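Data block for work.cif (mmCIF, C-alpha atoms):
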```cif
data_upload
loop_
_atom_site.label_atom_id
_atom_site.label_comp_id
_atom_site.auth_asym_id
_atom_site.auth_seq_id
_atom_site.Cartn_x
_atom_site.Cartn_y
_atom_site.Cartn_z
CA LEU A 1 52.26 37.20 7.55
CA ARG A 2 54.61 38.20 10.39
CA ILE A 3 53.79 37.58 14.05
CA ARG A 4 56.36 38.52 16.67
CA PHE A 5 56.53 36.75 20.05
CA THR A 6 58.96 37.98 22.66
CA THR A 7 59.06 34.90 24.89
CA SER A 8 62.22 32.79 24.63
CA LEU A 9 60.91 29.33 23.81
CA GLN A 10 62.75 26.32 25.21
CA PRO A 11 62.91 22.82 23.73
CA HIS A 12 60.25 20.39 24.92
CA ARG A 13 62.00 18.83 27.94
CA SER A 14 59.37 17.95 30.52
CA ARG A 15 57.93 15.07 32.49
CA THR A 16 54.51 13.46 32.16
CA VAL A 17 52.06 14.54 34.86
CA SER A 18 48.61 14.43 33.30
CA ILE A 19 46.29 12.53 30.98
CA LEU A 20 43.94 13.78 28.25
CA ARG A 21 40.96 11.42 27.90
CA VAL A 22 39.16 11.06 24.60
CA ILE A 23 35.43 10.77 25.24
CA ASP A 24 34.43 11.23 21.60
CA PRO A 25 37.11 11.80 18.92
CA GLY A 26 34.81 13.41 16.36
CA LEU A 27 35.18 12.52 12.69
CA SER A 28 38.97 12.15 12.48
CA THR A 29 41.38 13.35 15.17
CA THR A 30 45.09 12.53 15.28
CA VAL A 31 48.22 13.49 17.22
CA GLN A 32 50.42 15.77 15.09
CA ASP A 33 53.55 17.87 15.44
CA ARG A 34 55.91 19.37 12.85
CA GLY A 35 56.57 15.98 11.23
CA ARG A 36 59.47 13.62 10.52
CA ASN A 37 62.10 15.68 8.79
CA GLY A 38 65.23 13.99 7.50
CA HIS A 39 63.83 10.52 6.70
CA MET A 40 62.57 10.88 3.12
CA THR A 41 65.65 9.04 1.76
CA SER A 42 64.28 5.99 3.61
CA GLY A 43 60.82 6.46 2.12
CA VAL A 44 59.29 8.04 5.24
CA PRO A 45 57.16 11.11 4.43
CA VAL A 46 57.53 14.25 6.52
CA GLY A 47 53.80 14.28 7.36
CA GLY A 48 52.99 16.33 10.43
CA ALA A 49 50.35 19.00 10.82
CA ALA A 50 48.39 19.77 7.65
CA ASP A 51 48.18 23.40 8.80
CA ALA A 52 51.62 23.94 10.27
CA LEU A 53 51.08 27.68 10.72
CA SER A 54 48.07 27.23 13.02
CA LEU A 55 49.88 24.60 15.08
CA ARG A 56 52.89 26.88 15.49
CA ILE A 57 50.75 29.87 16.52
CA GLY A 58 48.76 27.78 19.01
CA ASN A 59 51.95 26.53 20.67
CA ARG A 60 53.44 30.02 20.82
CA LEU A 61 50.31 31.45 22.38
CA LEU A 62 50.90 28.89 25.15
CA ALA A 63 54.54 30.10 25.37
CA GLN A 64 56.01 26.75 24.37
CA ALA A 65 58.20 25.34 21.64
CA ASP A 66 56.93 24.87 18.11
CA GLU A 67 57.54 21.11 18.17
CA CYS A 68 55.02 20.39 20.96
CA ALA A 69 52.45 17.88 19.71
CA ALA A 70 48.74 18.70 19.62
CA LEU A 71 45.49 17.16 18.44
CA GLU A 72 44.63 17.83 14.80
CA ILE A 73 40.83 17.82 14.60
CA THR A 74 39.23 17.40 11.17
CA LEU A 75 35.71 18.75 10.44
CA VAL A 76 34.12 17.69 13.78
CA GLY A 77 35.78 17.91 17.18
CA GLY A 78 34.26 15.66 19.85
CA PHE A 79 34.67 15.69 23.65
CA TYR A 80 37.73 15.58 25.92
CA GLU A 81 38.63 15.56 29.64
CA THR A 82 41.85 16.06 31.59
CA THR A 83 43.08 14.64 34.90
CA GLN A 84 45.07 17.73 35.97
CA PRO A 85 44.55 21.50 35.62
CA THR A 86 46.04 22.80 32.38
CA THR A 87 45.66 25.47 29.72
CA ILE A 88 44.45 24.82 26.18
CA CYS A 89 44.42 26.88 23.00
CA LEU A 90 42.44 26.22 19.82
CA ALA A 91 44.18 27.34 16.64
CA GLY A 92 42.96 27.13 13.06
CA ALA A 93 39.39 26.81 11.81
CA THR A 94 36.47 28.03 13.91
CA ALA A 95 33.92 25.57 15.26
CA THR A 96 30.21 26.25 15.51
CA ASP A 97 30.12 25.39 19.21
CA VAL A 98 33.14 25.10 21.53
CA THR A 99 32.41 25.00 25.25
CA ILE A 100 33.89 23.80 28.51
CA GLU A 101 31.15 22.25 30.63
CA GLY A 102 31.64 22.07 34.40
CA THR A 103 29.42 20.65 37.12
CA SER A 104 27.36 23.83 37.25
CA THR A 105 28.87 26.18 34.68
CA SER A 106 29.45 26.41 30.95
CA ARG A 107 31.74 28.80 29.10
CA ALA A 108 32.62 29.37 25.47
CA VAL A 109 36.16 28.80 24.21
CA PRO A 110 37.20 31.26 21.47
CA VAL A 111 39.85 30.36 18.92
CA TRP A 112 43.39 31.81 19.36
CA THR A 113 42.81 32.26 23.12
CA PRO A 114 44.61 30.36 25.93
CA THR A 115 41.88 29.01 28.21
CA PRO A 116 42.08 27.20 31.60
CA PHE A 117 40.84 23.60 31.57
CA ALA A 118 40.39 21.65 34.81
CA PRO A 119 39.54 18.11 35.98
CA GLY A 120 35.78 17.57 36.21
CA GLU A 121 35.22 19.72 33.13
CA ARG A 122 34.49 18.48 29.60
CA LEU A 123 35.65 20.23 26.45
CA GLY A 124 33.23 19.93 23.55
CA ILE A 125 34.12 20.97 19.99
CA GLY A 126 31.40 21.08 17.34
CA PRO A 127 31.60 21.08 13.52
CA LEU A 128 34.08 23.42 11.83
CA PHE A 129 32.64 25.98 9.45
CA ASP A 130 35.47 28.06 7.93
CA GLY A 131 38.15 25.43 7.41
CA ALA A 132 38.84 21.72 7.64
CA ARG A 133 41.12 21.54 10.68
CA VAL A 134 41.61 23.05 14.11
CA TYR A 135 44.43 22.23 16.56
CA LEU A 136 43.85 21.55 20.23
CA CYS A 137 47.15 22.72 21.71
CA ILE A 138 47.75 21.91 25.37
CA ALA A 139 50.27 23.41 27.78
CA GLY A 140 53.34 21.16 27.76
CA GLY A 141 52.18 19.26 24.68
CA ILE A 142 51.06 15.68 24.14
CA ALA A 143 53.77 13.27 25.32
CA THR A 144 53.18 10.13 23.27
CA PRO A 145 56.46 8.30 22.48
CA LEU A 146 58.72 9.68 19.75
CA VAL A 147 58.90 7.57 16.60
CA LEU A 148 61.69 8.67 14.21
CA ASP A 149 62.01 11.96 16.10
CA SER A 150 58.30 12.84 15.88
CA ARG A 151 55.02 12.22 17.66
CA SER A 152 52.99 12.70 14.49
CA THR A 153 50.51 10.06 13.36
CA HIS A 154 50.79 8.80 9.79
CA ALA A 155 47.88 6.41 9.52
CA GLY A 156 48.91 4.98 6.13
CA SER A 157 52.11 3.52 7.59
CA GLN A 158 50.83 3.34 11.20
CA LEU A 159 53.69 5.54 12.38
CA GLY A 160 53.31 7.31 15.69
CA VAL A 161 51.41 6.27 18.79
CA PRO A 162 48.70 5.03 18.51
CA GLY A 163 49.37 5.07 14.74
CA ARG A 164 45.71 5.74 13.83
CA SER A 165 42.92 8.21 14.33
CA LEU A 166 41.91 8.46 17.97
CA GLN A 167 39.05 6.38 19.36
CA ALA A 168 36.72 6.82 22.31
CA GLY A 169 38.49 5.68 25.48
CA ASP A 170 42.01 6.57 24.33
CA GLU A 171 44.18 8.26 26.94
CA LEU A 172 47.08 10.51 25.94
CA ALA A 173 49.93 11.44 28.25
CA LEU A 174 50.60 15.17 28.67
CA SER A 175 53.75 16.92 29.84
CA THR A 176 54.32 19.81 32.18
CA PRO A 177 55.33 23.03 30.38
CA ALA A 178 59.10 23.42 30.08
CA THR A 179 58.82 27.14 30.90
CA ASP A 180 56.82 29.22 33.37
CA ALA A 181 56.34 32.05 30.87
CA ALA A 182 52.86 33.57 30.76
CA CYS A 183 50.59 32.76 27.82
CA HIS A 184 50.18 35.29 25.03
CA GLN A 185 47.03 37.07 23.87
CA LEU A 186 46.45 38.05 20.25
CA ALA A 187 45.18 41.53 19.42
CA PRO A 188 41.89 41.37 17.46
CA GLN A 189 43.52 42.83 14.34
CA THR A 190 46.28 40.21 14.49
CA ALA A 191 43.76 37.38 14.78
CA ALA A 192 41.83 38.84 11.84
CA GLY A 193 45.05 38.95 9.79
CA ILE A 194 45.81 35.30 10.58
CA GLU A 195 42.29 34.22 9.64
CA SER A 196 42.48 36.18 6.38
CA HIS A 197 45.79 34.47 5.58
CA LEU A 198 44.34 31.01 6.32
CA ALA A 199 41.25 31.75 4.20
CA ARG A 200 43.31 31.94 0.98
CA ARG A 201 42.23 29.36 -1.57
CA THR A 202 45.11 29.77 -4.04
CA LEU A 203 48.40 27.87 -3.87
CA ARG A 204 51.70 29.39 -4.98
CA VAL A 205 53.85 27.51 -7.48
CA LEU A 206 57.62 27.91 -7.29
CA PRO A 207 60.17 26.59 -9.83
CA LEU A 208 62.59 24.20 -8.13
CA ALA A 209 65.19 21.57 -8.97
CA HIS A 210 63.57 19.91 -12.01
CA HIS A 211 62.07 23.03 -13.57
CA GLU A 212 64.89 23.44 -16.11
CA HIS A 213 64.06 20.05 -17.66
CA PHE A 214 60.51 21.08 -18.64
CA SER A 215 59.62 22.64 -21.98
CA ALA A 216 58.03 26.03 -22.57
CA ILE A 217 54.78 24.21 -23.40
CA ALA A 218 54.87 22.48 -20.02
CA ASP A 219 55.51 25.83 -18.37
CA ASP A 220 52.45 27.29 -20.06
CA GLN A 221 50.30 24.36 -19.02
CA LEU A 222 51.44 24.58 -15.40
CA PHE A 223 51.44 28.33 -14.86
CA LEU A 224 48.61 29.51 -17.14
CA ARG A 225 45.99 26.81 -16.66
CA THR A 226 43.73 26.13 -13.68
CA PHE A 227 44.26 23.18 -11.35
CA THR A 228 42.30 22.07 -8.31
CA ILE A 229 43.42 19.98 -5.34
CA SER A 230 42.28 16.38 -5.69
CA ASP A 231 40.52 14.52 -2.91
CA LEU A 232 43.29 11.91 -3.29
CA SER A 233 45.77 14.29 -1.61
CA ASP A 234 47.22 13.22 1.72
CA ARG A 235 50.13 13.97 4.09
CA THR A 236 52.61 12.54 1.59
CA GLY A 237 51.75 15.11 -1.05
CA THR A 238 49.14 17.23 -2.82
CA ARG A 239 47.67 15.75 -6.02
CA LEU A 240 46.29 18.20 -8.58
CA ASP A 241 43.43 17.70 -11.04
CA GLY A 242 43.74 19.58 -14.33
CA PRO A 243 45.35 19.50 -17.80
CA LYS A 244 48.21 17.10 -18.39
CA VAL A 245 51.63 18.71 -18.11
CA PRO A 246 54.10 17.15 -20.60
CA SER A 247 56.96 15.37 -18.86
CA PRO A 248 60.56 16.12 -19.81
CA PRO A 249 61.87 13.53 -22.30
CA LYS A 250 64.58 12.30 -19.94
CA LEU A 251 62.03 11.82 -17.14
CA GLU A 252 59.27 10.20 -19.24
CA VAL A 253 57.76 7.19 -17.47
CA SER A 254 55.38 4.61 -18.88
#
```
Once you've parsed the file, please lay out its structure as structure tokens.
Amino acid sequence: LRIRFTTSLQPHRSRTVSILRVIDPGLSTTVQDRGRNGHMTSGVPVGGAADALSLRIGNRLLAQADECAALEITLVGGFYETTQPTTICLAGATATDVTIEGTSTSRAVPVWTPTPFAPGERLGIGPLFDGARVYLCIAGGIATPLVLDSRSTHAGSQLGVPGRSLQAGDELALSTPATDAACHQLAPQTAAGIESHLARRTLRVLPLAHHEHFSAIADDQLFLRTFTISDLSDRTGTRLDGPKVPSPPKLEVS
């Protein structure tokens, strides 16, 4: 999947000018960016957005850098307000009902579309129906403090600010965009291509560093049998349910 953007994106260097208020956080909503790269030797998982592609596209549609933090909304979205005029973009799964309610008006918010969002309005995001997560990207990005070079929340280790799923009454600092470039619009066929790509339900398996230590029998088990993703998977890694793959003798653990 190739998507070309012509805007020159600048690093996220901006000052805080606005607040995003959480009225209702939905089922599970966290602050996420591209994660904490470079700290795995200290036992810190990369984490970050579960759907990194959608986060990256949402940020680029707002003409901002890939590392800008957004809200990762899981299954049900909730309600949000802002204290200053801004622009938002939903990227990822589609919700059954996404609207911005004003004092006398209401308008729908389509996915993959930069949309103005003003004080006095309330953004409502209903249940998701074609995926598990959607990203609420905001012009300038969420400006919670950096922890180990990332704003991502890892609830298991309480990394990030606030280090947990959001709660009603939370207030998140926002930043002004670091560039005045105009937002992008996706052509319908491009949006359809992205959604088709995200709808895939098959994971690719690539042989990497330890592959040479496994036997031919292990290869057959891994590449010819069917595995499913376990509900025990998390941001640290993906656990698979399926037939046992024999460990290499030198790596056998009890």
- Which residues, written as a PyMOL selection string, have at least one atom at most 10 Å from segment 143-153 of chain A, with only C-alpha atoms counted and residues fewer than 4 positions away on the same chain left out? chain A and resi 12+14-19+29-39+44+46-49+67-72+157-166+171-176
- Query: In Å to one decimal, how far is atom CA of Ser42 of chain A from atom CA of Ala155 of chain A?
  - Reply: 17.4 Å
- Message: Excluding Leu90 of chain A and its own-chain neighbours fewer than 2 positions away, which residues fall within 7 Å of it when counting all atoms listed in the file? Please give them as a PyMOL selection string.
- Response: chain A and resi 58+88+92+111-113+134-137
- Which is closer to Thr96 of chain A than all the others in A:Gly169, A:Gly26, A:Pro248, A:Gly126, using only C-alpha atoms? A:Gly126
Find the residues near Val98 of chain A: any atom within 8 Å, counting only C-alpha atoms, skip ones fewer than 6 places away on the same chain, and give them as a short mmCIF file (atom, residue, chain, number, x, y, z; two decimals) with C-alpha atoms, in the coordinates of the input.
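Final file, selection04.cif:
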```
data_model
loop_
_atom_site.label_atom_id
_atom_site.label_comp_id
_atom_site.auth_asym_id
_atom_site.auth_seq_id
_atom_site.Cartn_x
_atom_site.Cartn_y
_atom_site.Cartn_z
CA ALA A 108 32.62 29.37 25.47
CA VAL A 109 36.16 28.80 24.21
CA PRO A 110 37.20 31.26 21.47
CA LEU A 123 35.65 20.23 26.45
CA GLY A 124 33.23 19.93 23.55
CA ILE A 125 34.12 20.97 19.99
CA GLY A 126 31.40 21.08 17.34
#
```
- Gap from atom CA of Arg225 of chain A to atom CA of Leu203 of chain A - Å, one decimal: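 Calculated distance between atom CA of Arg225 of chain A and atom CA of Leu203 of chain A is 13.1 Å.
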- Query: A:Gln189, A:Gln167, A:Thr94, A:Thr103: which is nearest Tyr80 of chain A, counting all atoms listed in the file?
  - Reply: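 Result for the nearest residue to Tyr80 of chain A: A:Gln167.
One finds atom CA of Leu208 of chain A at 18.9 Å from atom CA of Pro45 of chain A.
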- Query: So which residues get picked by the PyMOL selection byres ((chain A and resi 195) around 12) here, written as a list in words?
  - Reply: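 Those residues are Leu1, Leu53, Ser54, Ile57, Ala91, Gly92, Ala93, Thr94, Val111, Trp112, Asp130, Gly131, Pro188, Gln189, Thr190, Ala191, Ala192, Gly193, Ile194, Ser196, His197, Leu198, Ala199 and Arg200 of chain A.
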Output file for the selection above: C-alpha atoms, as a CSV table (one decimal), keeping the file's coordinate frame:
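Wrote result.csv, looks like this:
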```csv
chain,number,residue,atom,x,y,z
A,1,LEU,CA,52.3,37.2,7.6
A,53,LEU,CA,51.1,27.7,10.7
A,54,SER,CA,48.1,27.2,13.0
A,57,ILE,CA,50.8,29.9,16.5
A,91,ALA,CA,44.2,27.3,16.6
A,92,GLY,CA,43.0,27.1,13.1
A,93,ALA,CA,39.4,26.8,11.8
A,94,THR,CA,36.5,28.0,13.9
A,111,VAL,CA,39.8,30.4,18.9
A,112,TRP,CA,43.4,31.8,19.4
A,130,ASP,CA,35.5,28.1,7.9
A,131,GLY,CA,38.2,25.4,7.4
A,188,PRO,CA,41.9,41.4,17.5
A,189,GLN,CA,43.5,42.8,14.3
A,190,THR,CA,46.3,40.2,14.5
A,191,ALA,CA,43.8,37.4,14.8
A,192,ALA,CA,41.8,38.8,11.8
A,193,GLY,CA,45.0,39.0,9.8
A,194,ILE,CA,45.8,35.3,10.6
A,196,SER,CA,42.5,36.2,6.4
A,197,HIS,CA,45.8,34.5,5.6
A,198,LEU,CA,44.3,31.0,6.3
A,199,ALA,CA,41.2,31.8,4.2
A,200,ARG,CA,43.3,31.9,1.0
```
- Query: Which one is closest to Pro85 of chain A: A:Leu55, A:Leu240, A:Ile138, A:Leu62? Count only C-alpha atoms.
  - Reply: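 Using only C-alpha atoms, the shortest distance to Pro85 of chain A belongs to A:Ile138.
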- Got a sec: who's within 9 Å of Thr228 of chain A, counting all atoms listed in the file, leaving out chain neighbours fewer than 6 positions off, as a list of chain:residue names? A:Arg239, A:Leu240, A:Asp241, A:Gly242
- Could you tell me which residues the PyMOL selection byres ((chain A and resi 245) around 9) grabs in this file, written as number ranges by chain? A: 217-222, 242-244, 246-247
Go ahead and dump the residues you just picked, C-alpha atoms, as a tab-separated table (two decimals), keeping the file's coordinate frame.
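The result, written out as part_0.tsv:
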```
chain	number	residue	atom	x	y	z
A	217	ILE	CA	54.78	24.21	-23.40
A	218	ALA	CA	54.87	22.48	-20.02
A	219	ASP	CA	55.51	25.83	-18.37
A	220	ASP	CA	52.45	27.29	-20.06
A	221	GLN	CA	50.30	24.36	-19.02
A	222	LEU	CA	51.44	24.58	-15.40
A	242	GLY	CA	43.74	19.58	-14.33
A	243	PRO	CA	45.35	19.50	-17.80
A	244	LYS	CA	48.21	17.10	-18.39
A	246	PRO	CA	54.10	17.15	-20.60
A	247	SER	CA	56.96	15.37	-18.86
```
- Taking into account only C-alpha atoms, which residue in the set A:Thr179, A:Gln84, A:Ser230, A:Thr74 is nearest to Leu128 of chain A? A:Thr74
- Task: Quick one: residues within 12 Å of (60.3, 27.9, -12.1) (file frame), counting all atoms listed in the file, please, as a PyMOL selection string.
- Result: chain A and resi 204-216+218-220+222-223
